[in-house]
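One file, target.csv, carrying CSV, C-alpha atoms and all ligand atoms:
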chain,number,residue,atom,x,y,z
Y,26,MET,CA,53.5,-86.5,-46.9
Y,27,SER,CA,50.8,-83.9,-47.3
Y,28,ILE,CA,47.1,-84.2,-47.2
Y,29,LEU,CA,46.9,-81.6,-50.1
Y,30,GLN,CA,49.0,-82.1,-53.2
Y,31,TYR,CA,49.1,-81.2,-56.9
Y,32,LYS,CA,48.8,-84.3,-59.1
Y,33,LYS,CA,49.1,-83.8,-62.8
Y,34,ASN,CA,48.3,-80.1,-62.2
Y,35,LYS,CA,45.1,-80.9,-60.2
Y,36,LEU,CA,44.9,-80.1,-56.6
Y,37,VAL,CA,43.8,-83.2,-54.7
Y,38,PHE,CA,42.8,-83.6,-51.1
Y,39,GLY,CA,42.6,-86.4,-48.6
Y,40,GLU,CA,43.3,-90.1,-48.4
Y,41,SER,CA,41.2,-90.8,-51.6
Y,42,GLU,CA,43.0,-87.9,-53.5
Y,43,PHE,CA,39.7,-86.1,-54.1
Y,44,ASP,CA,39.9,-83.7,-57.0
Y,45,LEU,CA,38.8,-80.3,-55.5
Y,46,SER,CA,38.0,-78.8,-58.9
Y,47,GLN,CA,34.9,-81.1,-59.0
Y,48,ILE,CA,33.1,-79.0,-56.4
Y,49,THR,CA,33.7,-75.7,-58.2
Y,50,LYS,CA,31.1,-76.4,-60.9
Y,51,ASP,CA,28.0,-75.4,-59.0
Y,52,TYR,CA,29.9,-73.1,-56.6
Y,53,GLU,CA,27.7,-70.7,-54.7
Y,54,LYS,CA,29.7,-69.9,-51.6
Y,55,PRO,CA,32.8,-71.0,-49.6
Y,56,ILE,CA,32.9,-74.6,-48.7
Y,57,TYR,CA,34.6,-76.5,-45.9
Y,58,ILE,CA,35.6,-80.0,-47.0
Y,59,TYR,CA,36.4,-82.7,-44.4
Y,60,ASP,CA,38.2,-86.0,-45.1
Y,61,LEU,CA,36.5,-88.6,-42.9
Y,62,SER,CA,39.1,-91.2,-43.7
Y,63,PHE,CA,41.9,-89.0,-42.3
Y,64,ILE,CA,39.8,-88.4,-39.1
Y,65,LYS,CA,39.3,-92.1,-38.7
Y,66,LYS,CA,43.0,-92.8,-39.2
Y,67,ARG,CA,44.0,-90.2,-36.6
Y,68,PHE,CA,41.4,-91.4,-34.0
Y,69,LEU,CA,42.5,-95.0,-34.4
Y,70,LEU,CA,46.1,-94.1,-34.1
Y,71,MET,CA,45.4,-92.1,-30.9
Y,72,GLN,CA,43.4,-95.0,-29.5
Y,73,GLN,CA,46.1,-97.4,-30.3
Y,74,THR,CA,48.9,-95.2,-28.7
Y,75,LEU,CA,47.0,-94.1,-25.6
Y,76,GLN,CA,46.4,-97.5,-24.2
Y,77,ASP,CA,43.9,-97.6,-21.2
Y,78,PHE,CA,42.7,-94.1,-22.0
Y,79,GLU,CA,39.1,-93.1,-22.6
Y,80,ILE,CA,39.2,-90.5,-25.4
Y,81,TYR,CA,36.7,-87.6,-25.2
Y,82,TYR,CA,36.8,-85.7,-28.4
Y,83,ALA,CA,36.5,-81.9,-27.8
Y,84,MET,CA,33.5,-81.1,-29.9
Y,85,LYS,CA,34.2,-77.4,-30.1
Y,86,ALA,CA,37.0,-78.1,-32.5
Y,87,ASN,CA,34.6,-79.3,-35.2
Y,88,SER,CA,31.0,-80.0,-34.5
Y,89,ASN,CA,29.9,-81.2,-37.9
Y,90,LEU,CA,27.3,-84.0,-37.6
Y,91,GLU,CA,28.9,-86.4,-40.0
Y,92,VAL,CA,32.3,-86.0,-38.2
Y,93,LEU,CA,30.6,-86.6,-34.9
Y,94,ARG,CA,28.7,-89.7,-36.2
Y,95,LEU,CA,31.9,-91.2,-37.4
Y,96,LEU,CA,33.7,-90.7,-34.1
Y,97,ASN,CA,30.8,-92.1,-32.2
Y,98,LYS,CA,30.8,-95.2,-34.5
Y,99,LEU,CA,34.5,-95.6,-33.8
Y,100,GLY,CA,33.9,-95.7,-30.1
Y,101,CYS,CA,35.0,-92.2,-29.2
Y,102,SER,CA,33.4,-90.3,-26.4
Y,103,LEU,CA,32.7,-86.5,-26.2
Y,104,ASP,CA,33.9,-83.4,-24.3
Y,105,VAL,CA,31.3,-80.6,-24.6
Y,106,VAL,CA,31.2,-77.0,-23.4
Y,107,SER,CA,27.6,-76.0,-23.7
Y,108,GLY,CA,24.0,-77.2,-23.7
Y,109,GLY,CA,24.0,-76.8,-27.4
Y,110,GLU,CA,26.9,-79.1,-27.7
Y,111,ILE,CA,25.2,-81.7,-25.5
Y,112,LYS,CA,22.2,-81.6,-27.8
Y,113,ARG,CA,24.4,-81.9,-30.9
Y,114,GLY,CA,26.2,-84.9,-29.3
Y,115,LEU,CA,22.8,-86.6,-28.7
Y,116,ASP,CA,21.8,-85.9,-32.3
Y,117,ALA,CA,24.9,-87.6,-33.5
Y,118,GLY,CA,24.0,-90.6,-31.5
Y,119,PHE,CA,26.3,-90.3,-28.4
Y,120,LEU,CA,24.9,-91.8,-25.3
Y,121,PRO,CA,24.7,-89.4,-22.3
Y,122,ASP,CA,27.1,-91.7,-20.5
Y,123,LYS,CA,29.8,-90.9,-23.1
Y,124,ILE,CA,29.6,-87.1,-22.5
Y,125,ILE,CA,31.8,-85.0,-20.3
Y,126,TYR,CA,30.7,-81.4,-19.7
Y,127,SER,CA,33.4,-78.7,-19.3
Y,128,GLY,CA,33.3,-74.9,-19.4
Y,129,VAL,CA,33.4,-71.9,-16.9
Y,130,GLY,CA,29.9,-70.5,-17.5
Y,131,LYS,CA,27.4,-73.4,-17.3
Y,132,THR,CA,23.9,-71.9,-16.8
Y,133,LYS,CA,21.2,-73.3,-14.6
Y,134,SER,CA,19.2,-74.7,-17.5
Y,135,GLU,CA,22.3,-76.2,-19.0
Y,136,LEU,CA,23.2,-78.0,-15.7
Y,137,GLU,CA,19.5,-79.1,-15.4
Y,138,LEU,CA,19.8,-80.7,-18.8
Y,139,ALA,CA,23.0,-82.4,-17.9
Y,140,LEU,CA,21.6,-83.8,-14.7
Y,141,GLU,CA,18.3,-84.9,-16.3
Y,142,LEU,CA,20.3,-86.8,-19.0
Y,143,ASN,CA,22.6,-88.2,-16.3
Y,144,ILE,CA,25.7,-87.5,-18.4
Y,145,ARG,CA,29.0,-89.1,-17.5
Y,146,GLN,CA,30.6,-86.3,-15.6
Y,147,ILE,CA,30.6,-82.5,-15.1
Y,148,ASN,CA,34.1,-81.0,-14.9
Y,149,VAL,CA,33.5,-78.3,-12.3
Y,150,GLU,CA,35.4,-75.0,-12.8
Y,151,SER,CA,34.5,-72.9,-9.7
Y,152,LEU,CA,33.2,-73.1,-6.2
Y,153,PRO,CA,30.0,-71.2,-7.1
Y,154,GLU,CA,29.4,-73.7,-9.9
Y,155,LEU,CA,29.8,-76.6,-7.4
Y,156,ILE,CA,27.2,-74.9,-5.2
Y,157,ARG,CA,24.9,-74.5,-8.1
Y,158,ILE,CA,25.2,-78.2,-9.1
Y,159,ILE,CA,24.5,-79.3,-5.5
Y,160,LYS,CA,21.4,-77.1,-5.4
Y,161,ILE,CA,20.0,-78.5,-8.7
Y,162,ALA,CA,20.8,-82.1,-7.7
Y,163,LYS,CA,18.9,-81.5,-4.5
Y,164,GLN,CA,15.9,-80.1,-6.3
Y,165,LYS,CA,15.9,-83.0,-8.7
Y,166,LYS,CA,16.6,-85.5,-5.9
Y,167,THR,CA,19.4,-86.9,-7.9
Y,168,LYS,CA,23.2,-87.3,-7.7
Y,169,ALA,CA,25.7,-85.5,-9.9
Y,170,SER,CA,28.9,-87.0,-11.1
Y,171,ILE,CA,31.6,-84.4,-10.8
Y,172,VAL,CA,35.3,-84.0,-11.5
Y,173,LEU,CA,37.2,-80.9,-10.2
Y,174,ARG,CA,39.1,-79.1,-12.9
Y,175,LEU,CA,42.3,-77.8,-11.2
Y,176,ASN,CA,44.6,-75.1,-12.5
Y,177,PRO,CA,48.2,-76.2,-11.9
Y,178,ASP,CA,49.6,-72.8,-12.9
Y,179,VAL,CA,52.1,-73.9,-15.5
Y,180,ASP,CA,53.1,-72.2,-18.8
Y,181,ILE,CA,52.9,-74.4,-22.0
Y,182,GLN,CA,54.4,-71.7,-24.2
Y,183,THR,CA,51.5,-71.2,-26.6
Y,184,HIS,CA,49.6,-68.1,-27.9
Y,185,PRO,CA,48.3,-66.2,-24.8
Y,186,TYR,CA,44.7,-66.5,-26.1
Y,187,ILE,CA,44.8,-70.3,-26.0
Y,188,ALA,CA,46.7,-70.8,-22.7
Y,189,THR,CA,44.4,-71.9,-19.9
Y,190,GLY,CA,46.5,-73.4,-17.2
Y,191,LEU,CA,48.1,-70.2,-15.8
Y,192,LYS,CA,47.0,-68.6,-12.5
Y,193,GLU,CA,45.7,-65.5,-14.3
Y,194,ASN,CA,43.4,-67.6,-16.5
Y,195,LYS,CA,39.6,-68.0,-15.8
Y,196,PHE,CA,39.7,-71.8,-16.2
Y,197,GLY,CA,39.8,-74.4,-13.4
Y,198,MET,CA,40.5,-73.8,-9.7
Y,199,GLU,CA,43.6,-73.0,-7.7
Y,200,LEU,CA,45.0,-75.8,-5.7
Y,201,SER,CA,44.7,-73.7,-2.5
Y,202,LEU,CA,40.9,-73.8,-2.9
Y,203,LEU,CA,40.9,-77.6,-2.5
Y,204,PRO,CA,40.2,-77.7,1.3
Y,205,GLU,CA,37.1,-75.6,0.8
Y,206,LEU,CA,35.9,-77.6,-2.2
Y,207,ILE,CA,36.4,-80.9,-0.3
Y,208,LYS,CA,34.5,-79.6,2.6
Y,209,LYS,CA,31.5,-78.7,0.4
Y,210,ILE,CA,31.7,-82.1,-1.3
Y,211,GLU,CA,31.8,-84.0,2.0
Y,212,GLU,CA,28.8,-82.0,3.4
Y,213,ASN,CA,26.8,-82.9,0.3
Y,214,SER,CA,27.9,-86.4,-0.4
Y,215,GLU,CA,24.3,-87.7,-0.9
Y,216,HIS,CA,24.1,-85.5,-4.0
Y,217,LEU,CA,27.5,-86.0,-5.5
Y,218,TYR,CA,29.7,-88.7,-6.9
Y,219,PHE,CA,33.1,-87.2,-6.6
Y,220,LYS,CA,34.9,-89.0,-9.5
Y,221,GLY,CA,38.2,-87.3,-9.9
Y,222,ILE,CA,40.3,-84.4,-11.0
Y,223,SER,CA,41.1,-82.8,-14.4
Y,224,LEU,CA,43.4,-80.3,-16.0
Y,225,HIS,CA,43.5,-78.7,-19.4
Y,226,LEU,CA,46.5,-76.5,-20.0
Y,227,GLY,CA,45.5,-74.9,-23.3
Y,228,SER,CA,45.9,-75.6,-27.0
Y,229,GLN,CA,48.8,-76.1,-29.4
Y,230,MET,CA,51.1,-77.7,-26.9
Y,231,HIS,CA,54.3,-78.7,-28.6
Y,232,GLU,CA,56.7,-78.8,-25.7
Y,233,LEU,CA,55.5,-81.2,-22.9
Y,234,THR,CA,57.7,-80.1,-20.0
Y,235,ALA,CA,54.9,-78.0,-18.5
Y,236,PHE,CA,52.4,-80.8,-19.0
Y,237,ASN,CA,54.8,-83.2,-17.1
Y,238,ASP,CA,55.1,-80.6,-14.3
Y,239,ALA,CA,51.3,-80.2,-14.1
Y,240,ILE,CA,50.8,-84.0,-13.8
Y,241,LEU,CA,53.5,-84.1,-11.0
Y,242,LYS,CA,51.7,-81.3,-9.2
Y,243,LEU,CA,48.3,-83.1,-9.3
Y,244,LYS,CA,49.6,-86.6,-8.6
Y,245,PRO,CA,49.9,-86.3,-4.8
Y,246,ILE,CA,46.4,-84.7,-4.7
Y,247,PHE,CA,45.0,-87.7,-6.7
Y,248,ILE,CA,46.6,-90.2,-4.3
Y,249,ASP,CA,45.3,-88.4,-1.3
Y,250,LEU,CA,41.7,-87.9,-2.6
Y,251,GLN,CA,41.5,-91.5,-3.7
Y,252,LYS,CA,42.0,-92.7,-0.1
Y,253,ARG,CA,39.2,-90.5,1.0
Y,254,PHE,CA,36.5,-90.9,-1.6
Y,255,PRO,CA,35.1,-94.3,-2.7
Y,256,ASP,CA,34.0,-93.2,-6.3
Y,257,PHE,CA,37.3,-91.4,-7.0
Y,258,ASN,CA,39.4,-92.8,-9.8
Y,259,VAL,CA,39.3,-90.3,-12.8
Y,260,PHE,CA,42.4,-88.5,-13.9
Y,261,ASP,CA,41.5,-86.3,-16.9
Y,262,VAL,CA,44.6,-84.9,-18.5
Y,263,GLY,CA,42.7,-82.6,-20.9
Y,264,GLY,CA,43.4,-81.9,-24.5
Y,265,GLY,CA,45.7,-79.5,-26.3
Y,266,LEU,CA,48.2,-81.6,-28.2
Y,267,GLY,CA,49.6,-79.5,-31.0
Y,268,ILE,CA,49.8,-79.9,-34.7
Y,269,LYS,CA,52.1,-78.2,-37.3
Y,270,TYR,CA,50.5,-75.6,-39.5
Y,271,GLU,CA,53.6,-74.4,-41.4
Y,272,LYS,CA,54.3,-77.8,-42.9
Y,273,GLN,CA,52.5,-81.0,-42.4
Y,274,GLU,CA,54.7,-83.3,-40.4
Y,275,PHE,CA,52.7,-86.3,-39.4
Y,276,ASN,CA,55.6,-88.2,-38.0
Y,277,TYR,CA,56.5,-85.4,-35.7
Y,278,GLU,CA,52.9,-85.3,-34.4
Y,279,GLU,CA,52.8,-89.0,-33.8
Y,280,ASP,CA,56.1,-88.8,-31.8
Y,281,LEU,CA,54.5,-86.0,-29.8
Y,282,LEU,CA,51.5,-88.2,-29.0
Y,283,LYS,CA,53.9,-91.0,-27.9
Y,284,GLU,CA,55.7,-88.6,-25.6
Y,285,TYR,CA,52.4,-87.5,-24.2
Y,286,PHE,CA,51.5,-91.1,-23.5
Y,287,GLN,CA,54.8,-91.8,-21.8
Y,288,ILE,CA,54.5,-88.9,-19.5
Y,289,CYS,CA,51.1,-90.1,-18.4
Y,290,SER,CA,51.9,-93.8,-18.1
Y,291,LYS,CA,55.2,-93.1,-16.3
Y,292,ASN,CA,53.7,-90.8,-13.7
Y,293,LEU,CA,50.2,-92.3,-13.3
Y,294,ASN,CA,50.7,-96.0,-13.2
Y,295,PHE,CA,48.2,-96.8,-10.4
Y,296,LYS,CA,46.1,-99.9,-10.2
Y,297,LYS,CA,42.9,-98.0,-9.7
Y,298,ILE,CA,42.8,-95.1,-12.2
Y,299,GLN,CA,40.7,-94.1,-15.2
Y,300,LEU,CA,42.7,-92.0,-17.5
Y,301,GLN,CA,40.8,-89.6,-19.7
Y,302,THR,CA,42.0,-87.2,-22.5
Y,303,GLU,CA,40.1,-84.5,-24.4
Y,304,PRO,CA,41.8,-84.0,-27.8
Y,305,GLY,CA,40.3,-81.7,-30.5
Y,306,ARG,CA,42.8,-80.2,-32.9
Y,307,TRP,CA,45.1,-83.3,-33.1
Y,308,ILE,CA,42.3,-85.4,-34.5
Y,309,VAL,CA,40.6,-83.1,-36.9
Y,310,GLY,CA,42.9,-80.1,-37.6
Y,311,HIS,CA,44.5,-81.4,-40.8
Y,312,ALA,CA,41.3,-83.1,-42.0
Y,313,GLY,CA,39.7,-79.9,-43.3
Y,314,VAL,CA,40.2,-77.4,-46.1
Y,315,LEU,CA,38.3,-74.2,-47.0
Y,316,LEU,CA,37.6,-73.5,-50.7
Y,317,ALA,CA,37.0,-69.9,-51.5
Y,318,GLN,CA,36.8,-67.8,-54.7
Y,319,VAL,CA,38.8,-64.8,-55.7
Y,320,GLN,CA,36.6,-61.8,-56.2
Y,321,TYR,CA,39.2,-59.1,-57.0
Y,322,VAL,CA,43.0,-58.6,-57.2
Y,323,LYS,CA,43.6,-55.1,-56.0
Y,324,SER,CA,46.8,-53.2,-55.8
Y,325,ASN,CA,48.0,-50.0,-54.1
Y,326,MET,CA,51.4,-48.4,-54.0
Y,327,HIS,CA,52.5,-50.8,-51.2
Y,328,LYS,CA,50.7,-54.0,-51.6
Y,329,ASP,CA,48.8,-56.4,-53.8
Y,330,PHE,CA,45.6,-57.8,-52.3
Y,331,VAL,CA,43.7,-61.0,-53.3
Y,332,ILE,CA,40.2,-60.4,-52.0
Y,333,ILE,CA,38.2,-63.6,-51.5
Y,334,ASP,CA,34.6,-64.3,-50.5
Y,335,SER,CA,35.7,-65.8,-47.1
Y,336,GLY,CA,37.3,-64.0,-44.2
Y,337,MET,CA,37.4,-63.8,-40.5
Y,338,ASN,CA,33.7,-64.6,-40.5
Y,339,HIS,CA,34.4,-68.1,-41.8
Y,340,LEU,CA,37.9,-68.7,-40.5
Y,341,MET,CA,38.8,-66.6,-37.4
Y,342,ARG,CA,42.2,-68.1,-36.5
Y,343,PRO,CA,44.4,-65.8,-38.5
Y,344,SER,CA,42.7,-62.6,-37.3
Y,345,LEU,CA,42.3,-63.8,-33.7
Y,346,TYR,CA,45.7,-65.5,-33.1
Y,347,GLN,CA,47.8,-64.4,-36.1
Y,348,ALA,CA,47.6,-68.1,-37.0
Y,349,TYR,CA,49.4,-69.4,-40.1
Y,350,HIS,CA,47.5,-71.4,-42.8
Y,351,GLU,CA,49.0,-72.6,-46.1
Y,352,ILE,CA,47.2,-71.3,-49.2
Y,353,TRP,CA,47.0,-73.4,-52.3
Y,354,PRO,CA,45.6,-72.0,-55.5
Y,355,LEU,CA,43.4,-74.6,-57.2
Y,356,ILE,CA,45.4,-74.1,-60.4
Y,357,ASN,CA,49.2,-74.2,-59.8
Y,358,SER,CA,51.5,-72.0,-61.9
Y,359,GLU,CA,55.2,-71.2,-62.1
Y,360,ASP,CA,54.2,-67.6,-62.2
Y,361,LYS,CA,54.1,-66.3,-58.6
Y,362,ILE,CA,52.8,-63.2,-56.9
Y,363,MET,CA,53.5,-61.8,-53.4
Y,364,VAL,CA,50.1,-60.8,-51.9
Y,365,ASP,CA,47.9,-60.3,-48.8
Y,366,VAL,CA,44.9,-62.7,-49.0
Y,367,VAL,CA,42.0,-60.9,-47.3
Y,368,GLY,CA,38.3,-61.4,-46.8
Y,369,PRO,CA,35.3,-59.1,-47.5
Y,370,ILE,CA,34.7,-58.1,-43.8
Y,371,CYS,CA,34.9,-54.4,-42.9
Y,372,GLU,CA,37.7,-54.8,-40.4
Y,373,SER,CA,41.4,-54.4,-41.0
Y,374,ALA,CA,42.0,-57.6,-39.0
Y,375,ASP,CA,40.2,-59.5,-41.7
Y,376,SER,CA,43.2,-61.0,-43.3
Y,377,ILE,CA,44.0,-64.7,-43.9
Y,378,ALA,CA,47.6,-64.3,-44.9
Y,379,GLN,CA,50.2,-61.5,-45.3
Y,380,ASN,CA,53.1,-61.2,-47.7
Y,381,ARG,CA,52.5,-64.7,-49.1
Y,382,LEU,CA,54.1,-65.9,-52.3
Y,383,ILE,CA,51.4,-67.9,-54.1
Y,384,ALA,CA,50.8,-69.0,-57.7
Y,385,LYS,CA,49.3,-66.2,-59.7
Y,386,VAL,CA,45.5,-66.0,-59.5
Y,387,THR,CA,42.9,-63.7,-61.0
Y,388,GLU,CA,39.2,-62.9,-60.6
Y,389,ASP,CA,37.0,-66.0,-60.3
Y,390,ASP,CA,39.9,-68.4,-59.6
Y,391,PHE,CA,39.8,-70.5,-56.5
Y,392,LEU,CA,42.0,-70.7,-53.4
Y,393,VAL,CA,42.2,-73.6,-50.9
Y,394,ILE,CA,43.1,-72.8,-47.3
Y,395,ALA,CA,44.8,-75.8,-45.6
Y,396,ASP,CA,44.5,-77.3,-42.1
Y,397,VAL,CA,41.2,-75.7,-41.1
Y,398,GLY,CA,39.5,-78.9,-39.8
Y,399,ALA,CA,39.7,-77.6,-36.2
Y,400,TYR,CA,38.4,-74.2,-35.0
Y,401,GLY,CA,37.3,-73.3,-38.6
Y,402,PHE,CA,33.6,-73.6,-39.2
Y,403,SER,CA,32.9,-74.1,-35.5
Y,404,MET,CA,34.1,-70.5,-34.9
Y,405,ALA,CA,32.3,-69.0,-37.9
Y,406,ASN,CA,29.8,-66.2,-37.5
Y,407,GLN,CA,27.6,-64.0,-39.6
Y,408,TYR,CA,29.2,-60.7,-39.0
Y,409,ASN,CA,28.3,-58.2,-41.8
Y,410,LEU,CA,25.5,-60.7,-42.5
Y,411,HIS,CA,27.4,-62.8,-44.9
Y,412,GLU,CA,26.1,-66.4,-45.0
Y,413,PHE,CA,27.8,-69.3,-43.3
Y,414,PRO,CA,30.0,-71.4,-45.5
Y,415,LYS,CA,28.9,-74.8,-46.7
Y,416,GLU,CA,30.3,-78.0,-45.2
Y,417,ILE,CA,30.8,-81.3,-47.1
Y,418,CYS,CA,32.5,-84.6,-46.1
Y,419,ILE,CA,34.5,-86.9,-48.4
Y,420,GLY,CA,36.2,-90.2,-47.8
Q,501,LIG,C1,39.2,-76.8,-26.2
Q,501,LIG,C2,39.3,-77.8,-25.1
Q,501,LIG,C3,39.9,-79.0,-25.4
Q,501,LIG,C4,40.5,-79.4,-26.8
Q,501,LIG,O1,41.7,-78.7,-27.1
Q,501,LIG,P1,42.5,-79.0,-28.4
Q,501,LIG,O2,43.6,-78.0,-28.4
Q,501,LIG,O3,41.6,-78.8,-29.5
Q,501,LIG,O4,43.0,-80.4,-28.2
Q,501,LIG,C5,39.9,-80.0,-24.4
Q,501,LIG,N1,39.4,-79.8,-23.2
Q,501,LIG,C6,38.8,-78.6,-22.9
Q,501,LIG,C7,38.3,-78.4,-21.5
Q,501,LIG,C8,38.8,-77.6,-23.8
Q,501,LIG,O5,38.2,-76.4,-23.5

Translate this structure into C-alpha cells?
Amino acid sequence: MSILQYKKNKLVFGESEFDLSQITKDYEKPIYIYDLSFIKKRFLLMQQTLQDFEIYYAMKANSNLEVLRLLNKLGCSLDVVSGGEIKRGLDAGFLPDKIIYSGVGKTKSELELALELNIRQINVESLPELIRIIKIAKQKKTKASIVLRLNPDVDIQTHPYIATGLKENKFGMELSLLPELIKKIEENSEHLYFKGISLHLGSQMHELTAFNDAILKLKPIFIDLQKRFPDFNVFDVGGGLGIKYEKQEFNYEEDLLKEYFQICSKNLNFKKIQLQTEPGRWIVGHAGVLLAQVQYVKSNMHKDFVIIDSGMNHLMRPSLYQAYHEIWPLINSEDKIMVDVVGPICESADSIAQNRLIAKVTEDDFLVIADVGAYGFSMANQYNLHEFPKEICIG
C-alpha cells in the first residue's frame, strides 16, 4: 500500500485517489497537498489503539488551519510550543482547556497569554521558567497548572538534531534537580496546580527500548510525587513515534504504535493516572506531498541536476537532517535518469535528493515529493525572498 501511486499512467494521491495533474493547470508556485481522509484515519487508529490516553497533537509538525480544524472536530487536543501556536489553535476552534504548552524559551508575554487563557497545562522546562511562571501567576492573582518535563538521559538512536532526551540536550530537566523544583513548588502552592511529569525523547523513534527505559526511570518519581501532591496524576509520555520514509509500510507503523501502547500500559497501570501523548509526525507525515516544477535540467562533467522551483526554503528536512524523501515525476516513464534534485536557493546544502534514479523529466515537467505532511510547510521560510508555497487540502 502506498498513498501515492500511478494509475493508468496518472499519479494519484490519497484515499480518494486524487489526480495530481488537475492542479497543474493554473500552476503558479509549489503546492503542498494534504489528504484529510488519511489524517482522520491515522488519528482514529491512534485513538483506538491508545486506550485511556489523551492525544495532544504536536502542532509544529503541521499547523495548517484545515488540518487543525479536522483534528479538533475529531476530539483531538493540542501540544503547542509558542504564543503563535496558541493563537493558531484558538483560531482553529480548540478550547484553551485542550492545549498543552511546551518549549524551552517561553517569553513573559507568551506565559501571560497562557495564564490569561487558563490553558490546560504548561510543561515546564527549567527552574528559571518555573520561577517566571510563579511570578506571573502572583501578579495575575491566579494559579498555573504545571507539569515538569524531565530529561531521563536515554538515547533513542535518531538523528542528533532530533534527539531531545540526552543529558547534553537543552530540553527538560535533570532528575537531580527535582528536590529544588519540589521545594519551589511547595513554597508557592497557592499559585500552582502541580499536575504531573512529562518526557519527550525526540523524533523518529523506531526502537522503543530507550523509551521503555525512560518510563521505568520516571515511574518511581511519579509514584512518590502522587503521594505528596493532591492534583498530581498526569504522565505525559511525549511524542516522537517514527514513520518510514524510504518505503511506506503502514503495517509496520501500526505495530510500532501497539508496542508503544504496551510499554505504557504495562508499566503505568495505576488507578489514578492520566496518560497523555504528543504525536506529530505519526499522524500527518504521510498525509502530505509537495508538487514542484522543473525549471532546468543542467549537466556538468560529473552530475546531472534537476533544478526545481522549491528547495530548502519550502522543505528543509533533506538539507537539515539529510532526510530521505521519495520523488515521483508526475508523468512516469521507462526512460530513467540518475540525478540530483536541487532547489533555487544559493546554498550548496539546498538539495532535495542526491544520485536518485527517476523517470526522465525535462523543463516545465512536474515532480512530486512524498511524505512531507510533517515538518514541511511548518518549517518553510522566505530565504532569498522566494514566496511561501501554497497549501491545499483534499479528501
Ligand atoms: C516536536 C514535539 C513533539 C512531536 O514530535 P513528533 O516526532 O512529530 O511526534 C511532541 N512533543 C514535544 C514537546 C515536541 O517538541

Q: Select the residues contacting ligand LIG 501 (chain Q) at a distance of at most 6 Å, based on only C-alpha atoms and all ligand atoms, then format the selection as a PyMOL selection string.
A: chain Y and resi 83+86+127+225+228-229+263-266+303-306

Which residues are near range 355-366 of chain Y? Cut-off 7 Å, only C-alpha atoms, ignore same chain within fewer than 5 positions. Put them as a short mmCIF file (atom, residue, chain, number, x, y, z; two decimals) with C-alpha atoms, keeping the file's coordinate frame.
data_model
loop_
_atom_site.label_atom_id
_atom_site.label_comp_id
_atom_site.auth_asym_id
_atom_site.auth_seq_id
_atom_site.Cartn_x
_atom_site.Cartn_y
_atom_site.Cartn_z
CA ASN Y 34 48.30 -80.10 -62.20
CA LYS Y 35 45.10 -80.90 -60.20
CA LEU Y 36 44.90 -80.10 -56.60
CA LYS Y 328 50.70 -54.00 -51.60
CA ASP Y 329 48.80 -56.40 -53.80
CA PHE Y 330 45.60 -57.80 -52.30
CA VAL Y 331 43.70 -61.00 -53.30
CA ILE Y 332 40.20 -60.40 -52.00
CA SER Y 376 43.20 -61.00 -43.30
CA ILE Y 377 44.00 -64.70 -43.90
CA ALA Y 378 47.60 -64.30 -44.90
CA GLN Y 379 50.20 -61.50 -45.30
CA ASN Y 380 53.10 -61.20 -47.70
CA ARG Y 381 52.50 -64.70 -49.10
CA LEU Y 382 54.10 -65.90 -52.30
CA ILE Y 383 51.40 -67.90 -54.10
CA ALA Y 384 50.80 -69.00 -57.70
CA LYS Y 385 49.30 -66.20 -59.70
CA PHE Y 391 39.80 -70.50 -56.50
CA LEU Y 392 42.00 -70.70 -53.40
CA VAL Y 393 42.20 -73.60 -50.90
#

**Q.** Interatomic distance (Å, one decimal) between CA of Glu137 in chain Y and CA of Pro121 in chain Y
**A.** 13.4 Å

Q) Excluding same-chain residues fewer than 2 positions from Leu202 in chain Y, what lies within 12 Å of it counting all atoms listed in the file, as a PyMOL selection string? A) chain Y and resi 150-153+173-177+197-200+204-209

Q: May I have the residues within 7 Å of Asp390 in chain Y as a VMD selection string, using all atoms listed in the file and disregarding those fewer than 4 positions away in the same chain?
A: chain Y and resid 318 to 319 386

Q: To one decimal in Å, tell me the separation between CA of Ile28 in chain Y and CA of Ser102 in chain Y.
A: 25.6 Å

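The nearest approach to Pro414 in chain Y among the residues Y:Phe38, Y:Phe275, Y:Tyr57, Y:Tyr270, with all atoms listed in the file taken into account, belongs to Y:Tyr57.
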
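Between Glu278 in chain Y and the residues Y:Glu141, Y:Asp60, Y:Asp180, Y:Glu232, the shortest atom-to-atom distance, using only C-alpha atoms, involves Y:Glu232.
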
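The gap separating CA of Ala312 in chain Y from CA of Asp261 in chain Y is 25.3 Å, in Å to one decimal.
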